[in-house]
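Have a look at upload30.txt; it's compact mmCIF, C-alpha atoms:
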```txt
# COMPACT_ATOMS: atom_id res chain seq x y z
CA MET F 1 0.00 0.00 0.00
CA SER F 2 1.37 3.44 -0.86
CA TYR F 3 2.01 6.10 1.79
CA LYS F 4 -0.81 8.29 0.39
CA LYS F 5 -3.35 5.45 0.55
CA SER F 6 -2.35 4.46 4.08
CA ALA F 7 -2.46 8.10 5.23
CA ALA F 8 -5.91 8.53 3.65
CA LEU F 9 -7.10 5.30 5.28
CA ALA F 10 -5.75 6.42 8.67
CA LEU F 11 -7.48 9.82 8.28
CA ALA F 12 -10.76 8.18 7.26
CA THR F 13 -10.54 5.80 10.23
CA ALA F 14 -9.79 8.67 12.60
CA LEU F 15 -12.72 10.71 11.25
CA ALA F 16 -15.08 7.75 11.50
CA GLY F 17 -13.89 7.04 15.03
CA GLY F 18 -14.24 10.71 15.96
CA SER F 19 -17.82 10.86 14.75
CA ALA F 20 -18.68 7.74 16.73
CA VAL F 21 -17.31 9.43 19.84
CA LEU F 22 -19.29 12.61 19.13
CA MET F 23 -22.52 10.66 18.71
CA ALA F 24 -22.00 9.08 22.15
CA ALA F 25 -21.40 12.44 23.87
CA PRO F 26 -24.00 13.79 26.33
CA ALA F 27 -26.81 15.96 25.02
CA ALA F 28 -25.29 19.41 24.52
CA GLN F 29 -25.79 21.64 21.53
CA ALA F 30 -23.53 24.63 20.98
CA THR F 31 -24.10 27.13 18.19
CA VAL F 32 -22.22 30.35 17.52
CA GLN F 33 -24.77 33.19 17.46
CA ASP F 34 -24.34 36.70 16.06
CA VAL F 35 -25.11 39.19 18.81
CA ASP F 36 -25.83 42.79 17.81
CA TYR F 37 -24.54 44.82 20.75
CA LYS F 38 -25.67 48.39 21.33
CA CYS F 39 -23.09 49.97 23.62
CA LYS F 40 -23.44 53.01 25.88
CA THR F 41 -19.93 54.42 26.10
CA PRO F 42 -18.49 57.55 27.75
CA ILE F 43 -18.09 59.04 24.25
CA GLY F 44 -21.53 58.15 22.92
CA ASP F 45 -23.45 55.20 21.57
CA LYS F 46 -21.70 52.52 19.50
CA SER F 47 -22.84 49.26 17.95
CA ALA F 48 -21.15 46.12 16.71
CA VAL F 49 -22.03 42.55 15.87
CA SER F 50 -19.92 39.81 17.43
CA PRO F 51 -20.34 36.07 16.97
CA ILE F 52 -20.66 34.60 20.48
CA ASP F 53 -19.87 31.04 21.47
CA ILE F 54 -20.76 29.53 24.86
CA LYS F 55 -19.21 26.23 25.88
CA SER F 56 -19.54 24.14 29.04
CA VAL F 57 -17.45 21.60 30.92
CA LYS F 58 -19.11 19.52 33.64
CA SER F 59 -17.36 19.73 36.99
CA GLY F 60 -19.06 17.66 39.69
CA SER F 61 -22.67 18.86 39.94
CA ALA F 62 -21.85 22.20 38.26
CA TYR F 63 -20.79 23.39 34.80
CA LYS F 64 -17.95 25.77 33.99
CA LEU F 65 -19.25 28.09 31.27
CA THR F 66 -16.96 29.90 28.84
CA MET F 67 -18.28 32.75 26.68
CA SER F 68 -16.08 33.64 23.69
CA PHE F 69 -16.24 36.74 21.48
CA GLU F 70 -15.03 36.31 17.91
CA LYS F 71 -14.93 40.08 17.24
CA GLY F 72 -14.42 43.21 19.32
CA VAL F 73 -17.59 45.14 20.17
CA SER F 74 -16.31 48.63 20.94
CA SER F 75 -13.20 50.80 20.69
CA SER F 76 -11.52 53.46 22.77
CA PRO F 77 -10.45 56.91 21.56
CA VAL F 78 -7.29 56.52 23.69
CA GLU F 79 -4.86 53.65 24.08
CA LEU F 80 -5.77 51.20 26.85
CA GLY F 81 -2.57 50.13 28.55
CA LYS F 82 -1.92 46.55 29.60
CA GLY F 83 -4.41 45.57 32.32
CA ALA F 84 -6.58 48.70 31.88
CA MET F 85 -9.72 46.95 30.59
CA GLN F 86 -11.78 44.46 32.64
CA PRO F 87 -14.70 42.66 30.92
CA SER F 88 -17.68 40.88 32.47
CA ALA F 89 -21.08 39.75 31.25
CA VAL F 90 -24.15 37.77 32.14
CA ILE F 91 -25.45 34.68 30.41
CA LYS F 92 -29.24 34.42 30.39
CA LEU F 93 -30.79 31.08 31.31
CA GLY F 94 -33.91 29.76 29.59
CA GLY F 95 -35.91 26.57 29.26
CA ALA F 96 -36.06 24.64 32.54
CA GLU F 97 -34.28 27.47 34.41
CA SER F 98 -34.48 31.25 34.52
CA GLY F 99 -32.09 33.91 35.73
CA THR F 100 -28.51 34.74 34.80
CA VAL F 101 -24.99 33.45 35.36
CA PRO F 102 -22.27 36.08 35.85
CA VAL F 103 -19.08 35.52 33.83
CA SER F 104 -15.86 37.50 33.90
CA GLY F 105 -12.48 37.49 32.24
CA ALA F 106 -8.93 38.61 32.63
CA ALA F 107 -7.85 42.18 32.01
CA ASN F 108 -6.26 42.87 28.62
CA SER F 109 -2.83 41.24 28.43
CA GLU F 110 -1.48 43.76 25.90
CA ALA F 111 -2.04 47.45 25.25
CA ILE F 112 -4.99 48.15 22.93
CA PRO F 113 -4.24 50.96 20.45
CA ALA F 114 -6.65 53.88 20.19
CA ASN F 115 -9.57 53.50 17.76
CA THR F 116 -9.16 49.76 17.27
CA PRO F 117 -11.73 47.09 18.21
CA ILE F 118 -11.37 45.92 21.80
CA LYS F 119 -10.88 42.15 21.79
CA ILE F 120 -12.75 40.68 24.73
CA SER F 121 -11.00 37.79 26.48
CA ASP F 122 -12.92 34.60 27.17
CA LEU F 123 -15.33 35.11 30.06
CA SER F 124 -16.03 32.26 32.46
CA GLY F 125 -18.29 31.46 35.37
CA THR F 126 -19.98 28.54 37.08
CA TYR F 127 -23.56 27.36 36.64
CA THR F 128 -25.11 24.92 39.12
CA PRO F 129 -28.48 23.49 37.99
CA LYS F 130 -31.38 23.88 40.41
CA LYS F 131 -33.93 22.13 38.18
CA SER F 132 -33.71 19.21 35.76
CA GLY F 133 -34.39 19.51 32.03
CA LYS F 134 -33.16 21.34 28.97
CA VAL F 135 -31.54 24.68 29.80
CA THR F 136 -30.54 27.28 27.22
CA PHE F 137 -27.69 29.78 27.59
CA THR F 138 -27.87 33.10 25.73
CA ALA F 139 -25.47 36.06 25.62
CA GLY F 140 -26.65 38.87 27.86
CA VAL F 141 -25.33 42.30 28.83
CA LEU F 142 -21.58 42.85 28.44
CA THR F 143 -19.83 45.34 30.73
CA ILE F 144 -16.38 46.77 29.99
CA LYS F 145 -14.64 48.77 32.71
CA ALA F 146 -11.62 50.78 31.56
CA LEU F 147 -9.79 53.86 32.81
CA GLY F 148 -12.44 54.59 35.44
CA THR F 149 -15.32 54.39 32.95
CA THR F 150 -17.98 51.78 32.30
CA THR F 151 -19.30 50.75 28.88
CA THR F 152 -22.49 48.70 28.87
CA CYS F 153 -23.36 46.68 25.77
CA THR F 154 -26.85 45.21 25.46
CA PRO F 155 -27.90 42.65 22.83
CA SER F 156 -30.47 44.35 20.60
CA ASN F 157 -31.32 41.53 18.18
CA ASN F 158 -32.86 39.05 20.65
CA PRO F 159 -30.10 36.48 19.94
CA LYS F 160 -30.82 32.77 19.99
CA PRO F 161 -29.18 30.57 22.62
CA SER F 162 -25.53 29.70 22.01
CA LEU F 163 -25.76 26.54 24.14
CA GLU F 164 -28.38 24.04 25.25
CA LEU F 165 -27.72 21.44 27.97
CA ASP F 166 -29.81 18.63 29.37
CA VAL F 167 -29.12 19.04 33.10
CA LYS F 168 -30.04 17.31 36.35
CA GLY F 169 -30.76 19.65 39.25
CA ALA F 170 -29.72 19.09 42.85
CA GLY F 171 -32.29 17.18 44.87
```
Represent the structure of the file as structure tokens.
Amino acid sequence: MSYKKSAALALATALAGGSAVLMAAPAAQATVQDVDYKCKTPIGDKSAVSPIDIKSVKSGSAYKLTMSFEKGVSSSPVELGKGAMQPSAVIKLGGAESGTVPVSGAANSEAIPANTPIKISDLSGTYTPKKSGKVTFTAGVLTIKALGTTTTCTPSNNPKPSLELDVKGAG
């Protein structure tokens, strides 16, 4: 058998094996959703669309949630030095649960030049189910604190959930 054929066979086997593993995974559906943020900034209103991804990792009876932004949602008229910007947000719960889960992230690890999109680091938090059933997780309000100011970005397009989990509540 030639190298190309054996490599193709190995790849096909790996892909087939990978899909079998995915099919056996617990019921969780994650979908990247475009969120149209309307931001109230110290220098006026801004808007931007960012694809948002929410992932979960089960940890005991809880889930560690990670909210990722694929694009920046605002900019600053002045450079934001390293560590000057602190992001946080809420993830809205739906389905079997209601309420929100607070998530937060690290301050910017590098300076952000003036008038460039602010890249939001991954935001994480912990969700502990209270009820059993299908729970949806949707991007909520994003808050960016920088240089003594607060920018609040609210989804304006009623985004769909980025994640759905089948959970078992305590008790």
Atomic separation - CA of Ser121 (chain F) relative to CA of Ile54 (chain F), Å: 12.9 Å
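Going from CA of Asn157 (chain F) over to CA of Gln86 (chain F), you cover 24.5 Å.
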Two-atom distance - CA of Pro42 (chain F), CA of Ala89 (chain F) (Å):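 Between these atoms lies a distance of 18.3 Å.
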Check which residues of region 13-118 of chain F sit at most 7 Å from region 135-155 of chain F using all atoms listed in the file, and return one row each with the closest pair of atoms and their distance in Å to one decimal, ordered by chain and rising number, as CSV.
```
residue,atom,partner,partner_atom,distance
F:Val35,CA,F:Pro155,CA,6.0
F:Asp36,CA,F:Pro155,CA,5.4
F:Tyr37,CA,F:Pro155,CA,4.5
F:Lys38,CA,F:Cys153,CA,5.3
F:Cys39,CA,F:Cys153,CA,3.9
F:Lys40,CA,F:Thr152,CA,5.3
F:Thr41,CA,F:Thr151,CA,4.6
F:Pro42,CA,F:Thr149,CA,6.9
F:Ala84,CA,F:Ala146,CA,5.5
F:Met85,CA,F:Ala146,CA,4.4
F:Gln86,CA,F:Lys145,CA,5.2
F:Pro87,CA,F:Ile144,CA,4.5
F:Ser88,CA,F:Thr143,CA,5.2
F:Ala89,CA,F:Leu142,CA,4.2
F:Val90,CA,F:Gly140,CA,5.1
F:Ile91,CA,F:Ala139,CA,5.0
F:Lys92,CA,F:Thr138,CA,5.0
F:Leu93,CA,F:Phe137,CA,5.0
F:Gly94,CA,F:Thr136,CA,4.8
F:Gly95,CA,F:Val135,CA,4.8
F:Ala96,CA,F:Val135,CA,5.3
F:Glu97,CA,F:Val135,CA,6.0
```
